[in-house]
>>> print(open('run.csv').read())   # CSV, C-alpha atoms
chain,number,residue,atom,x,y,z
A,1,MET,CA,1.5,-67.4,49.4
A,2,ALA,CA,1.2,-67.5,45.7
A,3,LEU,CA,0.0,-71.1,45.8
A,4,LYS,CA,-2.8,-70.3,48.2
A,5,GLU,CA,-3.8,-67.4,46.0
A,6,LEU,CA,-4.0,-69.6,43.0
A,7,SER,CA,-6.1,-72.2,44.8
A,8,SER,CA,-8.4,-69.4,46.0
A,9,LEU,CA,-8.7,-68.1,42.5
A,10,GLU,CA,-9.6,-71.5,41.3
A,11,LYS,CA,-12.4,-71.7,43.9
A,12,PHE,CA,-13.6,-68.2,42.9
A,13,LEU,CA,-13.7,-69.0,39.3
A,14,GLY,CA,-15.6,-72.2,40.0
A,15,LEU,CA,-13.1,-74.5,38.4
A,16,LYS,CA,-13.6,-78.1,39.2
A,17,LYS,CA,-10.1,-79.3,38.6
A,18,HIS,CA,-7.6,-78.2,41.1
A,19,ASN,CA,-4.2,-78.1,39.6
A,20,LYS,CA,-1.0,-79.0,41.4
A,21,TYR,CA,1.4,-76.2,41.6
A,22,ILE,CA,5.1,-76.2,42.4
A,23,THR,CA,7.3,-73.3,43.1
A,24,GLN,CA,10.6,-72.5,41.5
A,25,GLY,CA,13.4,-70.2,42.5
A,26,ASP,CA,14.1,-68.0,45.5
A,27,ASN,CA,11.0,-65.9,44.8
A,28,LYS,CA,8.8,-68.9,44.9
A,29,VAL,CA,7.4,-68.3,41.4
A,30,PRO,CA,4.5,-70.7,40.9
A,31,VAL,CA,4.7,-73.2,38.0
A,32,LEU,CA,1.9,-75.1,36.4
A,33,GLN,CA,2.7,-78.2,34.5
A,34,SER,CA,0.5,-78.4,31.4
A,35,ASN,CA,0.4,-80.3,28.1
A,36,ASN,CA,2.2,-77.5,26.4
A,37,GLY,CA,5.0,-77.3,28.9
A,38,PRO,CA,5.4,-75.6,32.2
A,39,MET,CA,3.8,-72.2,32.7
A,40,VAL,CA,5.8,-70.0,34.9
A,41,GLY,CA,4.7,-67.0,36.8
A,42,LEU,CA,1.6,-65.8,38.7
A,43,LEU,CA,0.3,-63.7,35.8
A,44,THR,CA,0.6,-66.5,33.2
A,45,VAL,CA,-1.0,-69.1,35.4
A,46,SER,CA,-3.9,-66.9,36.6
A,47,SER,CA,-4.6,-65.7,33.0
A,48,HIS,CA,-4.6,-69.4,32.0
A,49,LEU,CA,-7.1,-70.2,34.8
A,50,VAL,CA,-9.4,-67.4,33.8
A,51,ASN,CA,-9.5,-68.6,30.2
A,52,GLU,CA,-10.1,-72.2,31.4
A,53,ALA,CA,-13.0,-71.0,33.4
A,54,LYS,CA,-14.3,-69.3,30.3
A,55,ARG,CA,-14.5,-65.8,31.9
A,56,PRO,CA,-12.4,-63.8,29.5
A,57,GLU,CA,-14.2,-60.6,30.6
A,58,LEU,CA,-12.2,-60.8,33.8
A,59,LEU,CA,-9.1,-60.0,31.7
A,60,GLY,CA,-10.8,-56.9,30.1
A,61,THR,CA,-13.3,-56.3,27.4
A,62,SER,CA,-11.8,-53.8,25.0
A,63,THR,CA,-8.2,-53.4,24.0
A,64,GLU,CA,-7.6,-50.5,26.3
A,65,HIS,CA,-9.4,-52.3,29.1
A,66,ARG,CA,-7.2,-55.4,28.6
A,67,ALA,CA,-4.1,-53.2,28.6
A,68,MET,CA,-5.2,-51.6,31.9
A,69,VAL,CA,-5.9,-54.9,33.5
A,70,HIS,CA,-2.5,-56.2,32.4
A,71,GLN,CA,-0.8,-53.0,33.6
A,72,TRP,CA,-2.3,-53.5,37.1
A,73,LEU,CA,-1.4,-57.2,37.1
A,74,GLU,CA,2.2,-56.3,36.4
A,75,TYR,CA,2.1,-53.6,39.0
A,76,ARG,CA,1.1,-56.2,41.5
A,77,VAL,CA,3.9,-58.6,40.7
A,78,THR,CA,6.6,-56.0,40.4
A,79,LYS,CA,5.8,-53.4,43.0
A,80,VAL,CA,3.6,-55.1,45.6
A,81,ASP,CA,5.2,-58.5,46.1
A,82,GLY,CA,8.0,-58.5,48.5
A,83,CYS,CA,8.1,-54.7,49.1
A,84,THR,CA,9.4,-53.1,52.2
A,85,ARG,CA,7.5,-50.8,54.6
A,86,GLU,CA,8.6,-47.7,52.7
A,87,GLU,CA,7.8,-49.1,49.3
A,88,ALA,CA,4.4,-50.2,50.7
A,89,LYS,CA,3.7,-46.6,51.7
A,90,THR,CA,4.3,-45.4,48.1
A,91,VAL,CA,2.2,-48.2,46.7
A,92,LEU,CA,-0.7,-47.3,49.0
A,93,LYS,CA,-0.4,-43.6,48.2
A,94,ASP,CA,-0.4,-44.2,44.5
A,95,LEU,CA,-3.4,-46.5,44.7
A,96,ASN,CA,-5.2,-44.0,46.9
A,97,LEU,CA,-4.8,-41.3,44.3
A,98,TYR,CA,-5.8,-43.6,41.5
A,99,LEU,CA,-8.9,-45.0,43.2
A,100,GLN,CA,-10.2,-41.6,44.0
A,101,ASP,CA,-12.5,-41.5,41.0
A,102,LYS,CA,-12.8,-45.3,40.3
A,103,VAL,CA,-14.7,-48.0,41.9
A,104,TYR,CA,-12.7,-50.9,40.3
A,105,LEU,CA,-9.1,-50.8,39.2
A,106,ALA,CA,-9.8,-51.2,35.5
A,107,GLY,CA,-13.0,-49.8,34.1
A,108,ASN,CA,-16.4,-50.2,35.7
A,109,CYS,CA,-16.4,-53.9,36.4
A,110,PHE,CA,-14.6,-56.4,38.5
A,111,THR,CA,-11.5,-57.9,36.8
A,112,LEU,CA,-8.6,-60.2,37.5
A,113,ALA,CA,-6.5,-57.1,38.4
A,114,ASP,CA,-8.8,-56.4,41.3
A,115,ALA,CA,-8.7,-60.0,42.5
A,116,LEU,CA,-4.9,-60.3,42.4
A,117,MET,CA,-4.3,-56.8,43.8
A,118,TYR,CA,-6.7,-57.6,46.6
A,119,TYR,CA,-4.7,-60.8,47.4
A,120,GLY,CA,-1.4,-59.0,47.1
A,121,LEU,CA,-2.4,-56.0,49.3
A,122,HIS,CA,-4.1,-58.0,52.0
A,123,PRO,CA,-0.9,-58.5,54.1
A,124,LEU,CA,-0.2,-54.8,53.8
A,125,VAL,CA,-3.7,-53.7,54.7
A,126,VAL,CA,-3.9,-56.1,57.6
A,127,ASP,CA,-1.0,-54.3,59.2
A,128,LEU,CA,-2.4,-50.8,58.8
A,129,ALA,CA,-3.4,-48.9,61.9
A,130,VAL,CA,-6.9,-47.3,62.0
A,131,HIS,CA,-5.7,-43.8,61.3
A,132,GLU,CA,-3.7,-45.0,58.4
A,133,LYS,CA,-6.7,-46.7,57.0
A,134,GLU,CA,-8.6,-43.4,57.3
A,135,HIS,CA,-5.7,-41.7,55.5
A,136,TYR,CA,-5.9,-44.0,52.5
A,137,VAL,CA,-9.6,-43.6,52.3
A,138,ASN,CA,-10.0,-44.8,48.8
A,139,VAL,CA,-7.8,-47.9,49.2
A,140,THR,CA,-9.8,-48.8,52.3
A,141,ARG,CA,-13.1,-48.3,50.5
A,142,TRP,CA,-12.0,-50.4,47.5
A,143,PHE,CA,-10.6,-53.1,49.8
A,144,ASP,CA,-13.7,-53.3,51.9
A,145,HIS,CA,-15.8,-53.5,48.7
A,146,LEU,CA,-13.7,-56.3,47.3
A,147,GLN,CA,-13.5,-58.4,50.4
A,148,HIS,CA,-17.3,-58.6,50.4
A,149,TYR,CA,-17.3,-59.6,46.7
A,150,PRO,CA,-19.0,-63.1,46.6
A,151,GLY,CA,-16.5,-65.9,46.5
A,152,LEU,CA,-13.4,-63.8,46.5
A,153,ARG,CA,-12.2,-63.9,50.1
A,154,HIS,CA,-11.2,-67.5,50.9
A,155,HIS,CA,-8.0,-68.0,52.7
A,156,LEU,CA,-7.7,-64.5,53.9
A,157,CYS,CA,-9.1,-63.1,57.1
A,158,PRO,CA,-11.5,-60.2,56.8
A,159,VAL,CA,-10.1,-56.8,57.6
A,160,VAL,CA,-12.3,-54.8,59.8
A,161,VAL,CA,-12.9,-51.3,58.4
A,162,LEU,CA,-14.1,-48.9,61.0
A,163,ARG,CA,-16.2,-46.1,59.8
A,164,ASN,CA,-14.7,-43.6,62.1
A,165,ARG,CA,-15.1,-40.1,61.1
A,166,VAL,CA,-12.9,-38.6,63.8
A,167,TYR,CA,-9.8,-38.6,61.6
A,168,ILE,CA,-11.2,-36.8,58.6
A,169,SER,CA,-8.2,-35.1,57.0
A,170,GLY,CA,-8.0,-32.8,54.1
A,171,HIS,CA,-7.9,-35.3,51.3
A,172,HIS,CA,-10.1,-33.4,48.9
B,1,MET,CA,-32.3,-41.1,56.8
B,2,GLY,CA,-32.0,-39.4,53.5
B,3,PHE,CA,-29.4,-37.0,52.2
B,4,GLY,CA,-31.4,-33.9,52.7
B,5,ASP,CA,-31.9,-32.0,49.5
B,6,LEU,CA,-29.7,-33.6,46.9
B,7,ARG,CA,-30.0,-30.5,44.7
B,8,SER,CA,-28.3,-28.3,47.3
B,9,PRO,CA,-24.6,-28.3,47.9
B,10,ALA,CA,-25.2,-29.4,51.5
B,11,GLY,CA,-27.0,-32.5,50.4
B,12,LEU,CA,-24.3,-33.3,47.8
B,13,ALA,CA,-21.7,-32.8,50.5
B,14,LEU,CA,-23.6,-35.3,52.7
B,15,LEU,CA,-23.7,-37.8,49.8
B,16,ASP,CA,-20.0,-37.3,49.3
B,17,GLY,CA,-19.2,-38.0,53.0
B,18,PHE,CA,-21.4,-41.0,52.9
B,19,LEU,CA,-19.7,-42.5,49.8
B,20,ALA,CA,-16.2,-41.8,51.1
B,21,ASP,CA,-15.9,-45.4,52.4
B,22,ARG,CA,-18.7,-47.0,50.3
B,23,SER,CA,-18.7,-48.0,46.7
B,24,TYR,CA,-22.5,-48.1,46.6
B,25,ILE,CA,-25.4,-46.6,48.4
B,26,GLU,CA,-26.6,-49.9,49.9
B,27,GLY,CA,-24.5,-53.0,50.3
B,28,PHE,CA,-21.6,-53.9,48.0
B,29,VAL,CA,-23.2,-54.2,44.6
B,30,ALA,CA,-25.1,-51.8,42.5
B,31,SER,CA,-28.8,-51.9,43.2
B,32,GLN,CA,-32.0,-50.0,42.8
B,33,ALA,CA,-30.9,-47.9,45.8
B,34,ASP,CA,-28.1,-46.4,43.6
B,35,VAL,CA,-30.6,-45.8,40.8
B,36,ALA,CA,-33.0,-44.0,43.1
B,37,VAL,CA,-30.3,-41.6,44.4
B,38,PHE,CA,-28.8,-41.2,40.9
B,39,GLU,CA,-32.1,-40.1,39.5
B,40,ALA,CA,-32.5,-37.6,42.3
B,41,LEU,CA,-29.4,-35.8,41.3
B,42,ALA,CA,-29.9,-32.9,38.9
B,43,ALA,CA,-26.3,-32.8,37.6
B,44,PRO,CA,-23.0,-34.5,38.1
B,45,PRO,CA,-21.5,-33.5,41.5
B,46,PRO,CA,-18.7,-30.9,41.3
B,47,ALA,CA,-15.2,-32.1,41.0
B,48,GLN,CA,-14.1,-31.5,44.5
B,49,LEU,CA,-16.7,-33.9,45.9
B,50,CYS,CA,-14.5,-36.7,44.5
B,51,HIS,CA,-16.4,-39.6,46.1
B,52,ALA,CA,-19.8,-38.5,44.9
B,53,LEU,CA,-18.3,-37.9,41.4
B,54,ARG,CA,-16.7,-41.3,41.3
B,55,TRP,CA,-20.0,-42.9,42.3
B,56,PHE,CA,-21.9,-40.9,39.8
B,57,ASN,CA,-19.7,-41.8,36.9
B,58,HIS,CA,-19.7,-45.4,37.9
B,59,ILE,CA,-23.5,-45.6,38.2
B,60,LYS,CA,-23.9,-43.7,34.9
B,61,SER,CA,-22.0,-46.6,33.2
B,62,PHE,CA,-24.9,-48.9,34.3
B,63,GLN,CA,-27.4,-46.9,32.3
B,64,LYS,CA,-28.5,-49.8,30.1
B,65,GLU,CA,-28.9,-52.2,33.0
B,66,LYS,CA,-30.7,-49.8,35.3
B,67,GLY,CA,-33.9,-51.8,35.3
B,68,SER,CA,-32.2,-55.1,36.1
B,69,LEU,CA,-30.2,-54.1,39.1
B,70,PRO,CA,-31.2,-56.0,42.3
B,71,GLY,CA,-33.3,-54.5,45.1
B,72,VAL,CA,-36.5,-52.6,45.4
B,73,LYS,CA,-36.6,-48.8,44.9
B,74,LYS,CA,-37.5,-47.1,48.1
B,75,PRO,CA,-38.3,-43.5,48.6
B,76,LEU,CA,-35.2,-41.3,48.7
B,77,ALA,CA,-35.5,-40.7,52.4
B,78,GLN,CA,-34.7,-44.3,53.2
B,79,TYR,CA,-31.1,-44.1,52.1
B,80,GLY,CA,-28.1,-42.4,53.5
B,81,PRO,CA,-26.8,-41.7,57.0
B,82,ALA,CA,-29.2,-41.9,59.8
B,83,GLY,CA,-30.2,-38.8,61.7
B,84,VAL,CA,-30.5,-36.5,58.7
B,85,ALA,CA,-33.7,-34.5,58.6
B,86,ASP,CA,-35.7,-35.5,55.5
B,87,SER,CA,-36.1,-32.4,53.5
B,88,THR,CA,-37.0,-34.0,50.2
B,89,LYS,CA,-40.7,-33.4,50.6
B,90,GLY,CA,-42.3,-30.1,50.0
B,91,ARG,CA,-39.4,-28.5,48.2
B,92,PRO,CA,-40.5,-26.4,45.3
B,93,THR,CA,-38.8,-27.3,41.9
B,94,PRO,CA,-35.7,-25.2,41.6
B,95,PRO,CA,-35.5,-22.8,38.6
B,96,ALA,CA,-33.4,-23.8,35.6
B,97,ASP,CA,-30.5,-21.4,36.3
B,98,ASP,CA,-29.2,-23.6,39.1
B,99,ASP,CA,-26.4,-24.8,36.9
B,100,ASP,CA,-24.9,-21.3,36.7
B,101,ASP,CA,-25.0,-21.0,40.5
B,102,ASP,CA,-23.2,-24.3,40.8
B,103,ASP,CA,-20.4,-23.1,38.6
B,104,ASP,CA,-19.9,-20.0,40.7
B,105,ASP,CA,-20.0,-22.0,43.9
B,106,ASP,CA,-17.2,-24.2,42.5
B,107,ASP,CA,-14.8,-21.4,42.3
B,108,LEU,CA,-15.5,-20.2,45.8
B,109,ASP,CA,-15.4,-23.6,47.3
B,110,LEU,CA,-11.9,-24.3,46.1
B,111,PHE,CA,-10.6,-21.9,48.7
B,112,GLY,CA,-13.1,-22.7,51.4
B,113,SER,CA,-12.6,-26.5,51.4
B,114,ASP,CA,-11.2,-26.4,55.0
B,115,GLU,CA,-14.4,-24.8,56.3
B,116,GLU,CA,-16.4,-27.4,54.4
B,117,GLU,CA,-14.6,-30.1,56.3
B,118,SER,CA,-15.2,-28.7,59.7
B,119,GLU,CA,-18.8,-27.9,58.8
B,120,GLU,CA,-19.3,-31.5,57.9
B,121,VAL,CA,-17.7,-32.7,61.1
B,122,ALA,CA,-19.9,-30.3,63.1
B,123,ARG,CA,-23.0,-31.4,61.2
B,124,ILE,CA,-22.3,-35.0,61.8
B,125,LYS,CA,-21.8,-34.3,65.5
B,126,ALA,CA,-25.1,-32.4,65.6
B,127,GLU,CA,-26.8,-35.3,63.9
B,128,ARG,CA,-25.5,-37.8,66.4
B,129,LEU,CA,-26.6,-35.5,69.3
B,130,ALA,CA,-30.1,-35.2,67.8
B,131,GLU,CA,-30.3,-39.0,67.4
B,132,TYR,CA,-29.2,-39.5,71.0
B,133,ALA,CA,-31.7,-37.0,72.3
B,134,ALA,CA,-34.5,-38.5,70.3
B,135,ARG,CA,-33.7,-42.0,71.7
B,136,LYS,CA,-33.6,-40.7,75.2
B,137,SER,CA,-36.9,-38.9,75.0
B,138,LYS,CA,-38.6,-42.0,73.6
B,139,LYS,CA,-37.6,-44.0,76.7
B,140,PRO,CA,-40.8,-44.2,78.9
B,141,ALA,CA,-40.6,-42.2,82.1
B,142,LEU,CA,-40.1,-44.3,85.2
B,143,ILE,CA,-43.4,-44.7,87.0
B,144,ALA,CA,-43.2,-45.5,90.7
B,145,LYS,CA,-45.2,-48.6,91.4
B,146,SER,CA,-45.8,-50.8,94.4
B,147,SER,CA,-47.1,-54.3,94.9
B,148,ILE,CA,-49.5,-54.5,97.8
B,149,LEU,CA,-50.9,-57.7,99.4
B,150,LEU,CA,-54.3,-57.1,101.0
B,151,ASP,CA,-56.1,-59.3,103.6
B,152,VAL,CA,-59.8,-59.0,103.3
B,153,LYS,CA,-61.7,-60.6,106.2
B,154,PRO,CA,-65.4,-61.7,106.0
B,155,TRP,CA,-67.9,-61.6,108.8
B,156,ASP,CA,-68.1,-65.4,109.3
B,157,ASP,CA,-67.4,-68.7,107.7
B,158,GLU,CA,-70.6,-68.7,105.8
B,159,THR,CA,-69.8,-65.6,103.8
B,160,ASP,CA,-69.6,-66.4,100.1
B,161,MET,CA,-65.9,-65.9,99.4
B,162,ALA,CA,-66.3,-66.1,95.7
B,163,LYS,CA,-68.8,-63.2,95.8
B,164,LEU,CA,-66.5,-61.3,98.1
B,165,GLU,CA,-63.6,-61.6,95.7
B,166,GLU,CA,-65.9,-60.6,92.8
B,167,CYS,CA,-66.8,-57.4,94.7
B,168,VAL,CA,-63.3,-56.6,95.4
B,169,ARG,CA,-62.3,-57.0,91.8
B,170,THR,CA,-65.0,-54.7,90.6
B,171,ILE,CA,-63.1,-51.9,92.2
B,172,GLN,CA,-61.5,-50.2,89.2
B,173,LEU,CA,-59.1,-47.3,89.7
B,174,ASP,CA,-56.7,-45.6,87.3
B,175,GLY,CA,-53.3,-47.0,88.2
B,176,LEU,CA,-54.7,-50.2,89.9
B,177,LEU,CA,-54.1,-53.6,88.6
B,178,TRP,CA,-55.5,-56.6,90.4
B,179,GLY,CA,-53.3,-59.7,90.7
B,180,GLN,CA,-53.6,-63.1,92.1
B,181,SER,CA,-55.7,-64.1,95.0
B,182,LYS,CA,-56.0,-67.0,97.4
B,183,LEU,CA,-58.1,-68.0,100.4
B,184,VAL,CA,-56.2,-68.4,103.6
B,185,PRO,CA,-57.9,-70.2,106.5
B,186,VAL,CA,-57.8,-68.2,109.8
B,187,GLY,CA,-59.5,-70.4,112.2
B,188,TYR,CA,-63.0,-71.6,113.1
B,189,GLY,CA,-63.7,-72.2,109.4
B,190,ILE,CA,-63.2,-68.6,108.6
B,191,ARG,CA,-61.1,-67.9,105.5
B,192,LYS,CA,-59.7,-64.6,104.6
B,193,LEU,CA,-59.1,-63.4,101.0
B,194,GLN,CA,-55.5,-62.5,100.3
B,195,ILE,CA,-55.4,-60.6,97.1
B,196,GLY,CA,-52.4,-58.8,95.5
B,197,CYS,CA,-52.4,-55.7,93.4
B,198,VAL,CA,-50.0,-53.4,91.7
B,199,VAL,CA,-50.6,-49.7,92.1
B,200,GLU,CA,-49.0,-46.6,90.8
B,201,ASP,CA,-48.0,-44.6,93.8
B,202,ASP,CA,-49.1,-41.3,92.5
B,203,LYS,CA,-52.6,-42.4,91.7
B,204,VAL,CA,-53.7,-45.0,94.2
B,205,GLY,CA,-53.0,-45.2,97.9
B,206,THR,CA,-53.9,-47.9,100.6
B,207,ASP,CA,-56.5,-45.5,102.2
B,208,ILE,CA,-58.5,-45.3,99.0
B,209,LEU,CA,-58.4,-49.1,98.6
B,210,GLU,CA,-59.5,-49.5,102.2
B,211,GLU,CA,-62.4,-47.2,101.8
B,212,ARG,CA,-63.6,-48.9,98.7
B,213,ILE,CA,-63.2,-52.4,100.0
B,214,THR,CA,-64.9,-51.8,103.3
B,215,ALA,CA,-67.8,-50.2,101.5
B,216,PHE,CA,-69.0,-53.8,100.8
B,217,GLU,CA,-70.3,-54.0,104.3
B,218,ASP,CA,-72.3,-57.1,103.6
B,219,TYR,CA,-69.3,-59.2,102.9
B,220,VAL,CA,-66.3,-57.4,104.3
B,221,GLN,CA,-65.7,-57.1,107.9
B,222,SER,CA,-62.2,-55.4,107.7
B,223,MET,CA,-59.2,-55.1,105.5
B,224,ASP,CA,-55.5,-55.1,106.3
B,225,VAL,CA,-52.4,-54.5,104.4
B,226,ALA,CA,-50.4,-57.7,104.7
B,227,ALA,CA,-47.4,-56.7,102.6
B,228,PHE,CA,-46.3,-53.6,100.8
B,229,ASN,CA,-43.3,-53.7,98.4
B,230,LYS,CA,-41.9,-51.0,96.1
B,231,ILE,CA,-41.3,-52.2,92.6
>>> encode(input="run.csv", output="structure tokens")
Amino acid sequence: MALKELSSLEKFLGLKKHNKYITQGDNKVPVLQSNNGPMVGLLTVSSHLVNEAKRPELLGTSTEHRAMVHQWLEYRVTKVDGCTREEAKTVLKDLNLYLQDKVYLAGNCFTLADALMYYGLHPLVVDLAVHEKEHYVNVTRWFDHLQHYPGLRHHLCPVVVLRNRVYISGHH
Amino acid sequence: MGFGDLRSPAGLALLDGFLADRSYIEGFVASQADVAVFEALAAPPPAQLCHALRWFNHIKSFQKEKGSLPGVKKPLAQYGPAGVADSTKGRPTPPADDDDDDDDDDDLDLFGSDEEESEEVARIKAERLAEYAARKSKKPALIAKSSILLDVKPWDDETDMAKLEECVRTIQLDGLLWGQSKLVPVGYGIRKLQIGCVVEDDKVGTDILEERITAFEDYVQSMDVAAFNKI
């Protein structure tokens, strides 16, 4: 799973060189062999890729912005990966609340946090029923927005978002 | 199309509903469409229209790049959910004390949010019904038509069939369309003219056609209806 993500990320960033990744441990943590020694972990490797592609703005522009991006990256790795159904509900609820007044996860532009969160949430969102998608209105909107972002959605199937107003619930 | 009057709470509520599952007015990137709607708003939307406020703050952050966003600015009525009456034209400029009114409305709206919800649902249903009715009325009414094949017989074999056909085709009636014709030999060198036409049942009948065709007494001996099919 993580390996597919990393290769999609490479394609998205436009990197010519495709690295070979191996996994380590029970959690299948990706490892990249580099000149300075092995890089372990999804966050480390993806940050490295972003820097290699010379797009540091994807990691955040100001200090606070960078901190926010990093916070969401950590959230993805700790909370979203390998979570149960119950935990998934909490994650979606938190995100829904957070995304109420934001278009992107960190600041006003697309960052690595959005990309990795999208990859991480995809298996969860794919399983959601229509009325659940209506319930987590903000997550659905953000998700639909991201899956149309040019170059982002590679190995993942598009999730159909139905604009069905029948289930409007009191989410104001 | 259009959001109605964006300076009124109803228009803002419509914008809010529209933006509930969209990040931008048109498509998935910020464009001139967003700029157009942004400039039509007099003030930031109130806090309980969370989607409109989110979009507003997001677009505000693009202030410096407003000119370089993709797309072409269209009149405001082009954006937004279909079926909403365009009330952006002909509205007098509101007086400057609108902001105070908005503040008062905010306090009241906090308690009346449920009514707002059902109002919005009812309004969307009404929009859809209006759209459906408009589409139905545009459909052209079904006109009853028939295809008739006429046999026109000349006096003898020396009658000029081309002239005969010409005379028949000069008959112009409202609801009558002449079609193909051919000459069918009957015997003894005599040929009859078989000509088809499409008529609207209400306007033209076979008796009128017979009258008009047999009026060409020089050429036409008689006329018959060979086939009559309803379309």
>>> residues_around(input="run.csv", residues="Met223 (chain B)", least_positions_apart="2", cutoff="12 Å", atoms="all atoms listed in the file", output="list of chain:residue names")
B:Leu149, B:Leu150, B:Asp151, B:Val152, B:Lys153, B:Pro154, B:Trp155, B:Val168, B:Lys192, B:Leu193, B:Gln194, B:Ile195, B:Thr206, B:Asp207, B:Ile208, B:Leu209, B:Glu210, B:Glu211, B:Arg212, B:Ile213, B:Thr214, B:Ala215, B:Phe216, B:Glu217, B:Tyr219, B:Val220, B:Gln221, B:Val225, B:Ala226
>>> closest_residue(input="run.csv", among="B:Phe56, B:Phe3, B:Tyr79, B:Phe38", to="chain A", atoms="all atoms listed in the file")
B:Phe56
>>> axis_aligned_box(input="run.csv", around="region 25-31 of chain B", padding_each_side="6 Å", output="JSON")
{"center_x": -25.2, "center_y": -50.4, "center_z": 46.4, "size_x": 19.2, "size_y": 19.6, "size_z": 19.8}
>>> atom_distance(input="run.csv", atom1="CA of Val69 (chain A)", atom2="CA of Lys28 (chain A)")
23.3 Å
>>> atom_distance(input="run.csv", atom1="CA of Gly107 (chain A)", atom2="CA of Glu26 (chain B)")
20.8 Å
>>> closest_residue(input="run.csv", among="A:Leu124, A:His131, A:Gln100, A:Gly82", to="chain B", atoms="only C-alpha atoms")
A:Gln100
>>> residues_around(input="run.csv", residues="region 85-87 of chain A", least_positions_apart="5", cutoff="12 Å", atoms="all atoms listed in the file", output="PyMOL selection string")
chain A and resi 78-80+92-94+123-125+127-128
>>> atom_distance(input="run.csv", atom1="CA of Leu146 (chain A)", atom2="CA of Phe12 (chain A)")
12.7 Å
>>> interface_residues(input="run.csv", of="chain A", to="chain B", cutoff="6 Å", atoms="all atoms listed in the file", output="MDAnalysis selection string")
chainID A and resid 101:102 141 145
>>> closest_residue(input="run.csv", among="B:Gly71, B:Gly175, B:Leu183, B:Gly196", to="Ile143 (chain B)", atoms="all atoms listed in the file")
B:Gly175
>>> closest_residue(input="run.csv", among="B:Asp218, B:Asp160, B:Asp174, B:Glu200", to="Lys230 (chain B)", atoms="only C-alpha atoms")
B:Glu200
>>> residues_around(input="run.csv", residues="region 42-56 of chain A", least_positions_apart="5", cutoff="8 Å", atoms="all atoms listed in the file", output="ChimeraX atom specification")
/A:2,6,9-10,13-15,29-32,61,73-74,77
>>> write_last_selection(input="run.csv", atoms="C-alpha atoms", output="mmCIF file, in the coordinates of the input")
data_model
loop_
_atom_site.group_PDB
_atom_site.id
_atom_site.type_symbol
_atom_site.label_atom_id
_atom_site.label_comp_id
_atom_site.auth_asym_id
_atom_site.auth_seq_id
_atom_site.Cartn_x
_atom_site.Cartn_y
_atom_site.Cartn_z
ATOM 1 C CA ALA A 2 1.200 -67.500 45.700
ATOM 2 C CA LEU A 6 -4.000 -69.600 43.000
ATOM 3 C CA LEU A 9 -8.700 -68.100 42.500
ATOM 4 C CA GLU A 10 -9.600 -71.500 41.300
ATOM 5 C CA LEU A 13 -13.700 -69.000 39.300
ATOM 6 C CA GLY A 14 -15.600 -72.200 40.000
ATOM 7 C CA LEU A 15 -13.100 -74.500 38.400
ATOM 8 C CA VAL A 29 7.400 -68.300 41.400
ATOM 9 C CA PRO A 30 4.500 -70.700 40.900
ATOM 10 C CA VAL A 31 4.700 -73.200 38.000
ATOM 11 C CA LEU A 32 1.900 -75.100 36.400
ATOM 12 C CA THR A 61 -13.300 -56.300 27.400
ATOM 13 C CA LEU A 73 -1.400 -57.200 37.100
ATOM 14 C CA GLU A 74 2.200 -56.300 36.400
ATOM 15 C CA VAL A 77 3.900 -58.600 40.700
#
